[in-house]
Every structure is written in C-alpha cells, then in structure tokens.
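Comments concern the structure below.
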Amino acid sequence: MELRLDPDLETFRKEVRAFIDRVLPADMKERQLRKVANNAAVPDLLEWMRILNAHGRSVPHWPEEHGGCGWTPMQLFIFNEELYKADAPEFDWGGTHMLGPVLYTYGSDYLKDKFLPMIREGVTMWAQGFSEPGSGSDLASLRTSAELVGDKYVVNGQKIWTSGAAHADWGFFLVRTDKNVKPQRGISFLIIKMDTPGITVRQIPQINGEAHLCEVFLDNVEVPADQLIGEPGMGWTYAKFLLEHERTTSSFIYWSKRELARAKDIALGESVGGRRVADDPAFRARFAKVEADLLALEWSVLRVLAHEEFDAPEAAAASVLKIRGSELQQEITMLQVDAMGAKSLRFFDVAPVPPPAPTDAWPDYAPGRTTVALINRAATIYGGSKQIQKNILAKLAFGL
Amino acid sequence: MDFAKSDIQAMLLDSAERLLSENADVEYWRHQRSSALGFDEARWAQFAELGWLALPVPEAAGGLDGTIEDIALLNIALGKALATEPYVSTVVLADHVLKQAVDEARALELLGEIAGGTLRIALAHQENGAHPLDVEAAATLARPSAGGYLLSGSKIMALDAPSAGRLIVSARIEGEEGIGLFLIPADAPGLSAESYPLIDGTRASDIVFADVTLPADALLVGGNRGAAVLREAVDRASIALMAQAVGAMEAANKVCGAYVQERKQFGTAIGSFQAIQHIMADNFVAAHQARSMLYHALANADADEATRSAALSAARLVIGEAGQTVSRNGIQVHGGYGLTDEYAIGHYFRRLMCIEKQYGDLIQHGERFGDSIFG
C-alpha cells in the first residue's frame with residue numbers, strides 16, 4: 001500500500017500546467033472565467049479542441065492508435081484537473097468521452113475512419129439522444145423506432161433533454177429496431193446527421209435563462225444503414241459499456257474542486273456587517289464539511305482509477321461517485337450562492353458575453369453563480385437519478 | 001499510488017481474521033464488558049505472540065518497524081471485531097511518545113516490554129474543560145524539587161488507564177515554556193484514580209496527582225518538543241481510531257444487510273422495501289467515503305504539522321459523521337431490536353459514538369479544519 005503521490009507525477013503536472021499556460025488563448029480563458037451560462041460558447045469549444053489536437057492532446061484518453069497519449073489513469077486525472085483549474089473550455093464530452101469509446105470499440109472501420117477524426121479535430125459538436133418524454137429513469141422503455149427499409153433506417157419518435165442539440169452537427173441516438181424482443185434487446189445505437197430532413201429541434205427554456213436542453217422530433221428521418229454502430233439490438237449493451245468506461249466522469253471532481261475554490265474566494269470577498277462571510281462560524285463549519293466531503297470523493301475517484309480491490313462489485317463504486325459527485329456539485333454551488341446572500345438573487349442574462357463590467361458591489365464572480373446553481377438541480381437527476389443509483393447500490397452491495 | 005496490500009500486510013490481516021473473527025459477537029463482547037479490565041489478558045498475550053504489539057516498535061527493540069499503513073490495516077480488523085483491548089493507547093500513542101524520548105536506551109527497553117505484552121501505558125492528558133486539541137492547555141503542574149519534580153493536578157477520562165502499568169502525563173513545568181510528558185507508575189504514591197467503563201465497554205480513569213514525587217528521568221520529553229510530540233502521538237491515535245471506525249462501519253453494514261433480508265413484515269423481507277434499500281445505500285456510501293478519508297489521513301500522516309492536522313481533521317469530520325449515519329440508520333432498520341444489548345448493531349453504535357468523540361469531536365475537528373482553510 002503506497003498512498004503518497006508518485007513524485008514523477010508532480011513533474012508531469014508542472015509540464016501540463018506550463019503547456020496549458022502556453023496554448024490557452026487569454027481571451028478564451030477570460031470568456032470562460034466570466035461566462036454567465038453553465039456551458040461555454042460553441043466556437044470556443046471547437047477552437048479549443050483544434051488547439052489541443054494540434055498538440056496531439058485533444059483525446060488523451062483514447063488508445064494511441066486513434067490519437068490518444070498513452071497516459072496512465074493518474075496522468076489523465078492530473079491533465080483534466082489542470083485544464084479545469086486553468087478555466088479552459090470543457091471537452092465536448094458527448095463526442096470525446098461517450099461516442100468516441102463506443103466507436104473505437106464496436107464501430108466498423110468505415111465509421112471509425114469517418115467519425116473519430118471529426119471528434120478528435122474538433123470539427124463537430126455532438127448531441128446525445130437517449131432520454132424520451134416517457135423514458136427517463138426507465139430508459140429501456142424507449143420507443144423512438146428505426147425501421148430498416150432497403151439500405152436506410154427510417155426513424156420516428158421524440159427525444160428530450162438533448163443537451164446542445166440546437167448547435168450540434170451530429171447526434172448519437174438510442175433507437176428501437178426490434179419491437180418483438182425483451183426491451184433491452186431491441187435497442188440499437190445510431191449516428192444521425194442533425195440537418196437530415198424530418199428532424200425538428202426545439203430549445204427548452206430553462207429555470208436559469210439558458211435554453212441548452214432540447215427536444216428533438218424525428219419524423220420519417222432517413223439514415224444510411226451503415227451509420228448503425230456494431231450489431232443491431234446491441235445498443236443497450238454499448239450504452240452500458242460507455243457508462244462503465246466513464247465510471248469516474250460523473251464524480252465531476254475537477255469541476256467541483258475549481259468551483260469550491262471559487263466559493264472560497266466569494267466567502268473571502270463578501271462581508272456582512274463588517275465581518276467576512278468566511279469568518280462566520282456557521283458558514284465556515286458548513287464549508288469545512290463540504291471541503292472534507294470533496295476530499296473523500298477525490299480519494300474515492302483515485303480508488304476507482306487504481307482498481308482497488310473491493311468487497312462489492314466495482315459498479316457499486318461508480319454509483320457512489322455519481323451520488324456524492326452530484327450532491328457535492330449542488331452543495332458547492334449553493335455555498336457560492338449563500339455566500340452572496342440576497343445579492344445572489346440578481347438575474348444575469350446569459351446572452352451578453354462578457355457580462356457587465358465588475359464593480360465593488362458586483363465583483364467578477366457575481367454573474368453566473370446563481371445561473372449555474374439553479375440548473376445544477378439537474379445533477380441528481382440526469383445520468384441515472386440519485387434514487388435509481390440507490391436502487392442499484394442496494395442491489396449490488398447488499399443483494400436487496 | 002497503490003492500494004494493494006504488501007505481503008506483510010496480507011499476513012497481518014490473515015492473522016487478524018483468524019484470531020478476531022471467532023470472538024466478534026455479542027456474547028463475547030458482553031462477557032468482556034463484565035470482566036475486570038474490559039478485555040481478556042490472554043488475548044492480549046496472543047496479540048504479543050502474533051507480533052501486533054511489536055508492529056510500530058523499532059527493530060532495535062525487537063519490533064517490526066511497521067508503517068502507519070500497517071497499523072491502520074490492523075486497526076480496521078480490530079474495529080470490525082469491536083476489540084476492546086487498549087491497543088491504540090499503548091501501541092500507537094505511547095509507542096510514538098517513547099520513540100521521541102530523550103533517553104533512547106531506556107525508551108527502547110520500555111518499547112521492548114510493550115512488544116512483549118508485559119507493559120501497557122495510557123495517556124493522562126485531558127483535563128476538565130480543556131480543549132482536547134489544544135495540547136498545551138494543561139494546568140497540571142510539575143514543580144522542580146530535589147533533583148526531580150513534584151506533580152500536582154488532575155486529569156479526566158484517561159482512556160485505558162485502569163489496565164495500564166504506567167501513565168504518560170502531560171504537565172506544565174514551572175518556569176519553562178511548553179509542556180513536559182512524564183512517565184509515571186500507575187501506582188505512584190500520591191496518585192489516586194477513579195475508574196469507570198465507557199458506553200462501549202472500554203475503561204477510563206479520572207486521576208488526581210497530589211504532590212507526586214518524580215525522579216528527573218521521569219521526563220520523557222519536554223519544552224516545545226513535548227507539545228509537538230503529543231500532537232503527533234494524538235494524531236496517530238486518531239488515525240488508528242478512524243481505521244477502527246472504518247472496520248466497525250463495514251461490519252455494521254454487513255450485519256444490517258443480513259438483517260433486512262431475514263426480517264419479515266407484511267409477509268416479505270423488509271429489504272425488499274425501497275425505503276429500507278435507500279437507507280442501506282446511504283450507509284454504503286457513508287462507509288465508502290469513510291475509507292477514502294482514512295486513505296487521505298494516511299497519505300498525509302508524515303507531512304508537516306499544518307498539512308497533517310488539516311488532513312486529519314478533515315478525515316475525522318467525514319469519518320465521525322459517517323459512523324453516526326451508519327450506526328443510527330443501522331438501529332433504525334433493526335427496529336426495536338436495535339435498542340437491545342442482544343443485537344450487534346447497538347454495540348457498533350456505541351463504539352462508533354465513542355470514537356467520534358475521542359481526541360477531539362466533530363465540532364472541534366470541524367473548527368480546526370475550517371481554520372486551516374480560511375486561516
């Protein structure tokens with residue numbers, strides 16, 4: 001048992017930090033730092049992918065033959081941590097972390113050759129079409145159908161909560177290709193171009209002023225049959241694969257570490273009656289518990305990355321990361337909001353970028369905190385709600 | 001970073017499993033609780049035979065020179081079995097103080113006695129009303145006298161003192177800064193003790209020193225070094241206790257998992273109810289995070305004092321709360337049986353409550369960690 005960090009990794013961290021400092025454009029970083037919306041502007045996302053790709057680092061976690069860096073899990077952890085710390089735009093996770101691994105694991109050579117470079121080089125934004133109005137937690141009940149007619153699938157149905165669909169060039173969808181088998185066995189994984197005739201995207205106005213989440217209506221959408229990944233009927237298996245492949249992503253550990261640091265800055269910057277919020281004993285106690293809980297989450301992530309031997313199935317640890325990761329995102333954003341007291345109630349529109357120039361009363365950090373905190377209630381809902389995760393845990397850990 | 005156990009650690013855990021698992025039940029715990037010292041001297045001798053008492057002892061004193069990770073792994077096993085032996089007081093806390101003692105030769109001799117199972121030492125530091133994390137707050141006074149000292153003052157809740165042959169006592173030294181740590185026979189003239197059990201069956205004493213005469217060499221370590229050594233020793237004791245808490249939580253979860261599958265109401269196992277399943281899931285999450293935090297404390301155990309104490313208090317915060325979550329929920333899923341002395345969960349509950357409050361409680365560790373964040 002060796003729990004101290006390998007000193008070589010500190011050298012690696014320094015190299016990564018210097019690299020990001022060198023290649024991240026100052027104006028892009030500034031926009032990231034000051035954005036009001038939860039999500040970065042699409043041009044920045046794609047441009048950042050192109051910059052990383054020019055240095056061979058846009059998909060470091062992929063196999064080397066597809067453009068990966070051949071790094072260890074700990075090196076990847078440090079790379080991601082430093083990206084977030086530096087306020088770099090986030091990856092287009094749908095492409096790089098969800099579709100990519102499914103493609104290079106199960107896709108045909110044709111699909112790999114066509115789409116892996118598009119993801120790697122930051123050419124396209126991707127939408128993920130899984131949930132449906134009637135299929136949230138019970139995803140396997142999804143009804144969007146894809147019927148094979150000649151060399152095309154004809155797709156009909158509706159998807160919802162499709163993040164960024166309005167700006168996506170392509171999407172990967174779970175569709176039902178067989179209605180006569182067990183629900184999980186009739187699902188396939190299909191790549192669809194978003195400007196195909198028959199697709200209508202409606203942006204959903206959210207409680208925080210954004211309209212990032214979308215509904216996608218598919219009405220007799222014709223999709224080339226060779227855009228089905230792997231085997232028909234295996235879509236559920238592939239979807240489960242990608243969730244297991246990305247079992248530490250749902251912890252949001254890098255994001256939460258950065259945002260907790262920001263919560264600390266706010267608590268040091270705001271005062272009430274001449275006392276810094278940071279010096280209020282009740283606030284400090286609450287902050288201390290959240291920071292301690294975040295340290296615990298970080299070690300839980302490290303345990304999963306190291307495949308620690310564990311007397312429950314490894315998937316149980318993934319549910320722990322999802323539950324704690326989502327709860328802590330919410331607790332951290334609420335620390336930011338509560339540290340600003342009633343000032344947190346001011347509505348900042350996501351549209352003007354950058355937001356209004358900072359003043360003494362409304363420092364740099366004010367715009368955006370509440371916008372993010374409001375939509376962060378989603379964290380315990382998407383990707384398997386907290387209650388579903390608890391059902392899974394009870395089964396995996398206790399056989400209930 | 002590697003979570004895999006070394007060969008020595010695997011052997012240690014294997015021996016722990018063999019010795020402890022046969023006596024990890026309510027009947028055994030109740031029997032020990034009603035015994036004179038709260039634990040079985042014969043099993044303490046077995047601890048010695050297995051080398052457990054020699055674990056942190058230097059090789060020069062016949063010990064195994066084990067690491068804090070080794071100690072933590074063994075304490076996970078002790079916690080799982082709710083062992084009431086004074087392992088933390090003697091082998092973790094006293095050993096650390098002795099290893100820093102000025103008179104090395106004598107310290108090695110004493111460490112050898114501990115390793116052999118013939119000497120137990122308890123710490124008498126806490127005073128009524130004093131902050132448990134402020135080690136320099138001792139009012140107990142050692143006055144220089146006739147080439148030695150005269151010790152006066154009083155201590156409360158000296159854990160494991162009733163079974164200890166000697167005590168390490170913290171005291172201010174008249175005319176000097178810092179505190180001194182003195183080694184005193186438990187039966188020294190002028191020393192009187194009132195002993196009592198804690199709710200988990202372990203024992204403690206309130207001790208009064210009425211001008212106890214000490215020779216000069218009773219002072220193990222003094223001055224500013226004394227306070228630093230005591231802080232280190234108490235932090236190591238905290239790590240061992242947290243390891244016991246992790247073991248106790250994991251065991252309690254197993255007990256509860258089995259119980260909710262056996263217990264039937266409305267014609268079905270209560271574990272089939274989602275309300276119960278979610279309580280069990282919460283318990284699993286809590287115990288998992290507790291183990292993660294033990295690793296965090298271990299990774300920082302030998303760091304500089306500020307880093308170490310911040311990491312340790314953060315860990316105490318998470319593990320203390322997790323212990324309460326797991327055991328309170330555990331009582332709840334047991335219904336009325338959880339409140340009886342005849343079911344294991346109530347024993348885990350009491351032990352976890354004791355651990356949460358020893359060497360600083362949740363509030364005090366929360367404050368210390370909060371201060372480390374904001375200064």
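Chain labels A, B, ... are given in the sequence in which chains occur in the structure tokens; within each chain residues are numbered consecutively from 1, and ligands are likewise numbered from 1 in the order shown.
By chain and then residue number, the residues within 8 Å of segment 373-380 of chain A are A:Gln206, A:Ile207, A:Asn208, A:Ile323, A:Ser326, A:Glu327, A:Gln329, A:Gln330, A:Thr333, A:Met334, A:Val337, A:Arg369, A:Thr370, A:Gly384, A:Ser385, A:Lys386, counting only C-alpha atoms and disregarding those fewer than 3 positions away in sequence.
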Those residues you just picked out, can you put them in a file as a PDB file, in the first residue's frame with C-alpha atoms?
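The result, written out as selection-v8.pdb:
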ATOM      1  CA  GLN A 206     -34.733  26.583 -18.513  1.00  0.00           C
ATOM      2  CA  ILE A 207     -35.178  27.992 -14.997  1.00  0.00           C
ATOM      3  CA  ASN A 208     -31.783  29.723 -15.278  1.00  0.00           C
ATOM      4  CA  ILE A 323     -24.371  10.102  -5.825  1.00  0.00           C
ATOM      5  CA  SER A 326     -23.910  15.193  -7.877  1.00  0.00           C
ATOM      6  CA  GLU A 327     -24.731  16.078  -4.270  1.00  0.00           C
ATOM      7  CA  GLN A 329     -21.933  19.921  -7.092  1.00  0.00           C
ATOM      8  CA  GLN A 330     -25.162  21.152  -5.596  1.00  0.00           C
ATOM      9  CA  THR A 333     -22.888  25.936  -5.949  1.00  0.00           C
ATOM     10  CA  MET A 334     -25.172  26.680  -3.012  1.00  0.00           C
ATOM     11  CA  VAL A 337     -24.922  31.471  -3.752  1.00  0.00           C
ATOM     12  CA  ARG A 369     -23.094  31.691  -9.870  1.00  0.00           C
ATOM     13  CA  THR A 370     -26.851  31.549  -9.405  1.00  0.00           C
ATOM     14  CA  GLY A 384     -29.424   7.858 -13.545  1.00  0.00           C
ATOM     15  CA  SER A 385     -31.173   9.830 -10.798  1.00  0.00           C
ATOM     16  CA  LYS A 386     -29.985   9.661  -7.212  1.00  0.00           C
TER      17      LYS A 386
END
Would you write out, as a tab-separated table, a table of all residues in chain B that have an atom no more than 7 Å from an atom of chain A, listing for each the closest atom pair and the distance in Å to one decimal, considering only C-alpha atoms and ordering rows by chain and rising residue number?
residue	atom	partner	partner_atom	distance
B:Met1	CA	A:Leu3	CA	5.1
B:Asp2	CA	A:Glu2	CA	4.9
B:Phe3	CA	A:Met1	CA	4.8
B:Ala4	CA	A:Met1	CA	5.2
B:Lys5	CA	A:Met1	CA	5.1
B:Ser6	CA	A:Met1	CA	6.2
B:Gly257	CA	A:Phe398	CA	5.6
B:Gly271	CA	A:Leu400	CA	5.8
B:Ser272	CA	A:Leu400	CA	6.2
B:Gln277	CA	A:Ala394	CA	5.4
B:His278	CA	A:Lys390	CA	5.5
B:Met280	CA	A:Ala394	CA	6.2
B:Ala281	CA	A:Ala394	CA	5.2
B:Val285	CA	A:Val320	CA	5.7
B:Gln289	CA	A:Ala296	CA	5.4
B:Ser292	CA	A:Trp299	CA	5.2
B:Met293	CA	A:Ala296	CA	5.0
B:Tyr295	CA	A:Leu3	CA	6.9
B:His296	CA	A:Trp299	CA	6.9
B:Ala299	CA	A:Leu3	CA	5.1
B:Ala314	CA	A:Ala292	CA	4.9
B:Ala315	CA	A:Ala292	CA	6.9
B:Leu317	CA	A:Lys289	CA	6.9
B:Val318	CA	A:Asp293	CA	6.4
B:Gly366	CA	A:Ala285	CA	6.0
B:Glu367	CA	A:Ala285	CA	6.5
B:Phe369	CA	A:Ala288	CA	6.2
B:Gly370	CA	A:Ala288	CA	4.9
B:Phe374	CA	A:Ala278	CA	6.8
Could you write out the selected residues, including N, CA and C atoms, as a compact mmCIF listing (two decimals), in the first residue's frame?
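Generated output (result.txt):
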# COMPACT_ATOMS: atom_id res chain seq x y z
N MET B 1 0.84 5.56 -6.68
CA MET B 1 -0.22 5.25 -5.74
C MET B 1 -0.69 3.82 -5.92
N ASP B 2 -0.71 3.08 -4.82
CA ASP B 2 -1.02 1.66 -4.94
C ASP B 2 -1.81 1.23 -3.71
N PHE B 3 -3.01 0.74 -3.94
CA PHE B 3 -3.87 0.36 -2.81
C PHE B 3 -3.70 -1.11 -2.43
N ALA B 4 -2.90 -1.83 -3.21
CA ALA B 4 -2.73 -3.27 -2.95
C ALA B 4 -1.94 -3.47 -1.65
N LYS B 5 -2.25 -4.54 -0.95
CA LYS B 5 -1.57 -4.80 0.31
C LYS B 5 -0.24 -5.50 0.08
N SER B 6 0.74 -5.11 0.87
CA SER B 6 2.05 -5.77 0.79
C SER B 6 1.92 -7.18 1.38
N GLY B 257 -27.21 -5.57 6.43
CA GLY B 257 -27.59 -6.16 5.15
C GLY B 257 -28.20 -7.54 5.35
N GLY B 271 -36.01 -5.87 3.48
CA GLY B 271 -35.03 -5.41 2.49
C GLY B 271 -35.61 -5.28 1.09
N SER B 272 -36.82 -5.78 0.90
CA SER B 272 -37.46 -5.62 -0.42
C SER B 272 -38.15 -4.26 -0.53
N GLN B 277 -34.10 -0.04 1.34
CA GLN B 277 -32.97 -0.14 0.40
C GLN B 277 -32.19 1.17 0.33
N HIS B 278 -32.92 2.29 0.35
CA HIS B 278 -32.22 3.57 0.24
C HIS B 278 -31.44 3.90 1.50
N MET B 280 -29.99 1.61 3.27
CA MET B 280 -28.79 0.77 3.15
C MET B 280 -27.81 1.38 2.14
N ALA B 281 -28.34 1.94 1.07
CA ALA B 281 -27.46 2.60 0.08
C ALA B 281 -26.73 3.77 0.72
N VAL B 285 -22.65 4.26 0.99
CA VAL B 285 -21.95 5.47 0.55
C VAL B 285 -21.12 6.04 1.71
N GLN B 289 -17.04 6.45 1.72
CA GLN B 289 -16.37 7.74 1.83
C GLN B 289 -15.46 7.76 3.07
N SER B 292 -12.24 6.16 2.14
CA SER B 292 -11.47 7.08 1.29
C SER B 292 -10.75 8.12 2.15
N MET B 293 -11.44 8.61 3.18
CA MET B 293 -10.85 9.64 4.02
C MET B 293 -9.77 9.09 4.93
N TYR B 295 -7.67 6.95 3.90
CA TYR B 295 -6.52 6.99 2.99
C TYR B 295 -5.94 8.40 2.91
N HIS B 296 -6.82 9.39 2.90
CA HIS B 296 -6.35 10.77 2.86
C HIS B 296 -5.52 11.10 4.11
N ALA B 299 -2.18 9.26 3.84
CA ALA B 299 -1.27 9.85 2.84
C ALA B 299 -0.57 11.08 3.39
N ALA B 314 -10.02 16.87 8.65
CA ALA B 314 -10.98 16.65 7.57
C ALA B 314 -11.45 15.20 7.60
N ALA B 315 -10.52 14.30 7.84
CA ALA B 315 -10.87 12.88 7.89
C ALA B 315 -11.77 12.58 9.10
N LEU B 317 -13.80 14.52 10.46
CA LEU B 317 -15.11 15.11 10.16
C LEU B 317 -15.95 14.13 9.33
N VAL B 318 -15.37 13.63 8.26
CA VAL B 318 -16.11 12.72 7.37
C VAL B 318 -16.38 11.40 8.08
N GLY B 366 -14.05 20.02 13.07
CA GLY B 366 -14.61 20.89 12.04
C GLY B 366 -14.02 22.29 12.14
N GLU B 367 -13.89 22.77 13.37
CA GLU B 367 -13.30 24.10 13.58
C GLU B 367 -11.85 24.14 13.13
N PHE B 369 -10.35 22.22 10.98
CA PHE B 369 -10.23 22.14 9.52
C PHE B 369 -10.66 23.46 8.87
N GLY B 370 -11.74 24.05 9.39
CA GLY B 370 -12.20 25.33 8.86
C GLY B 370 -11.13 26.41 9.00
N PHE B 374 -9.38 28.85 5.97
CA PHE B 374 -9.50 30.31 5.88
C PHE B 374 -8.47 31.07 6.71
Go through segment 32-178 of chain B and collect every residue that DSSP, computed from the backbone, puts in strand (DSSP E); the answer should be as number ranges by chain. B: 121-124, 141-145, 148-159, 166-173
Let me see the file: selected residues, C-alpha atoms, as a PDB file, in the first residue's frame.
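Done, and the output landed in selection38.pdb:
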ATOM      1  CA  ILE B 121       0.816   2.549  29.016  1.00  0.00           C
ATOM      2  CA  ALA B 122      -2.077   5.027  28.928  1.00  0.00           C
ATOM      3  CA  LEU B 123      -2.082   8.760  28.279  1.00  0.00           C
ATOM      4  CA  ALA B 124      -3.395  11.046  31.014  1.00  0.00           C
ATOM      5  CA  LEU B 141       1.970  21.418  37.139  1.00  0.00           C
ATOM      6  CA  ALA B 142       5.389  19.832  37.657  1.00  0.00           C
ATOM      7  CA  ARG B 143       7.496  21.837  40.117  1.00  0.00           C
ATOM      8  CA  PRO B 144      11.239  21.190  40.136  1.00  0.00           C
ATOM      9  CA  SER B 145      12.165  19.722  43.500  1.00  0.00           C
ATOM     10  CA  GLY B 148      13.244  15.768  40.308  1.00  0.00           C
ATOM     11  CA  TYR B 149       9.675  17.088  40.223  1.00  0.00           C
ATOM     12  CA  LEU B 150       6.571  17.314  42.337  1.00  0.00           C
ATOM     13  CA  LEU B 151       3.468  16.754  40.237  1.00  0.00           C
ATOM     14  CA  SER B 152       0.048  18.128  41.114  1.00  0.00           C
ATOM     15  CA  GLY B 153      -3.193  18.468  39.238  1.00  0.00           C
ATOM     16  CA  SER B 154      -5.979  16.334  37.899  1.00  0.00           C
ATOM     17  CA  LYS B 155      -6.907  14.594  34.668  1.00  0.00           C
ATOM     18  CA  ILE B 156     -10.180  13.161  33.482  1.00  0.00           C
ATOM     19  CA  MET B 157     -11.125  10.323  31.179  1.00  0.00           C
ATOM     20  CA  ALA B 158      -7.656   8.889  30.736  1.00  0.00           C
ATOM     21  CA  LEU B 159      -8.592   6.168  28.234  1.00  0.00           C
ATOM     22  CA  ARG B 166       2.365   3.243  33.632  1.00  0.00           C
ATOM     23  CA  LEU B 167       0.942   6.577  32.580  1.00  0.00           C
ATOM     24  CA  ILE B 168       2.233   9.293  30.299  1.00  0.00           C
ATOM     25  CA  VAL B 169       1.132  12.527  31.958  1.00  0.00           C
ATOM     26  CA  SER B 170       1.229  15.967  30.376  1.00  0.00           C
ATOM     27  CA  ALA B 171       2.109  18.861  32.640  1.00  0.00           C
ATOM     28  CA  ARG B 172       3.452  22.380  32.549  1.00  0.00           C
ATOM     29  CA  ILE B 173       6.907  22.622  34.060  1.00  0.00           C
TER      30      ILE B 173
END
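The interatomic distance for the pair atom CA of Gln244 of chain B and atom CA of Gly335 of chain B works out to 25.3 Å.
Coordinates place atom CA of Leu74 of chain B at a distance of 18.5 Å from atom CA of Asp25 of chain B.
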In segment 199-286 of chain B, what's helix (DSSP H, G or I) per DSSP? Answer as a PyMOL selection string? chain B and resi 216-218+223-262+270-272+274-286
Restricting the calculation to only C-alpha atoms, which member of B:Val246, B:Val135, B:Leu73, B:Ala269 is positioned closest to Ala10 of chain B? B:Leu73
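The environment of Glu305 of chain B within 9 Å, counting only C-alpha atoms and disregarding residues fewer than 5 places along the same chain, consists of Ala228, Arg231, Glu232 and Ala310 of chain B.
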Could the residues in this selection be written to a file with C-alpha atoms, as a compact mmCIF listing (two decimals), in the first residue's frame?
# COMPACT_ATOMS: atom_id res chain seq x y z
CA ALA B 228 4.75 18.74 19.20
CA ARG B 231 0.22 16.39 18.91
CA GLU B 232 1.89 13.80 16.67
CA ALA B 310 -5.72 19.69 8.40
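Between atom CA of Ala165 of chain A and atom CA of Leu218 of chain A there is a distance of 12.7 Å.
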Give me the residues within 10 Å of Lys29 of chain A as a count of residues only, counting only C-alpha atoms and dropping any in the same chain fewer than 6 places off. 6
Name the residues in contact with Ala261 of chain A at a cut-off of 10 Å, using only C-alpha atoms, excluding same-chain residues fewer than 5 positions from it; report them as JSON, numbers by chain. {"A": [85, 256, 266, 267, 291, 332, 336]}
Got a sec: who's within 12 Å of Asn220 of chain A, counting only C-alpha atoms, leaving out chain neighbours fewer than 5 positions off, as a PyMOL selection string? chain A and resi 144-149+152-158+196-200
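Of the listed residues B:Leu19, B:Leu119, B:Leu339, B:Leu111, the one whose atoms come nearest to Pro58 of chain B is B:Leu111, with distances taken using only C-alpha atoms.
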Segment 101-106 of chain A surroundings by only C-alpha atoms, 8 Å radius, close-in-sequence under 6 positions cut, as a count of residues only: 10
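Comparing A:Arg258, A:Ala282, A:Ala40, A:Ser131 by their smallest distance to Gly164 of chain A, the closest is A:Ala40 (using only C-alpha atoms).
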Ranking B:Gly222, B:Gly51, B:Pro132, B:Gly190 by minimum distance to Val97 of chain B and counting only C-alpha atoms, which one comes first? B:Gly222
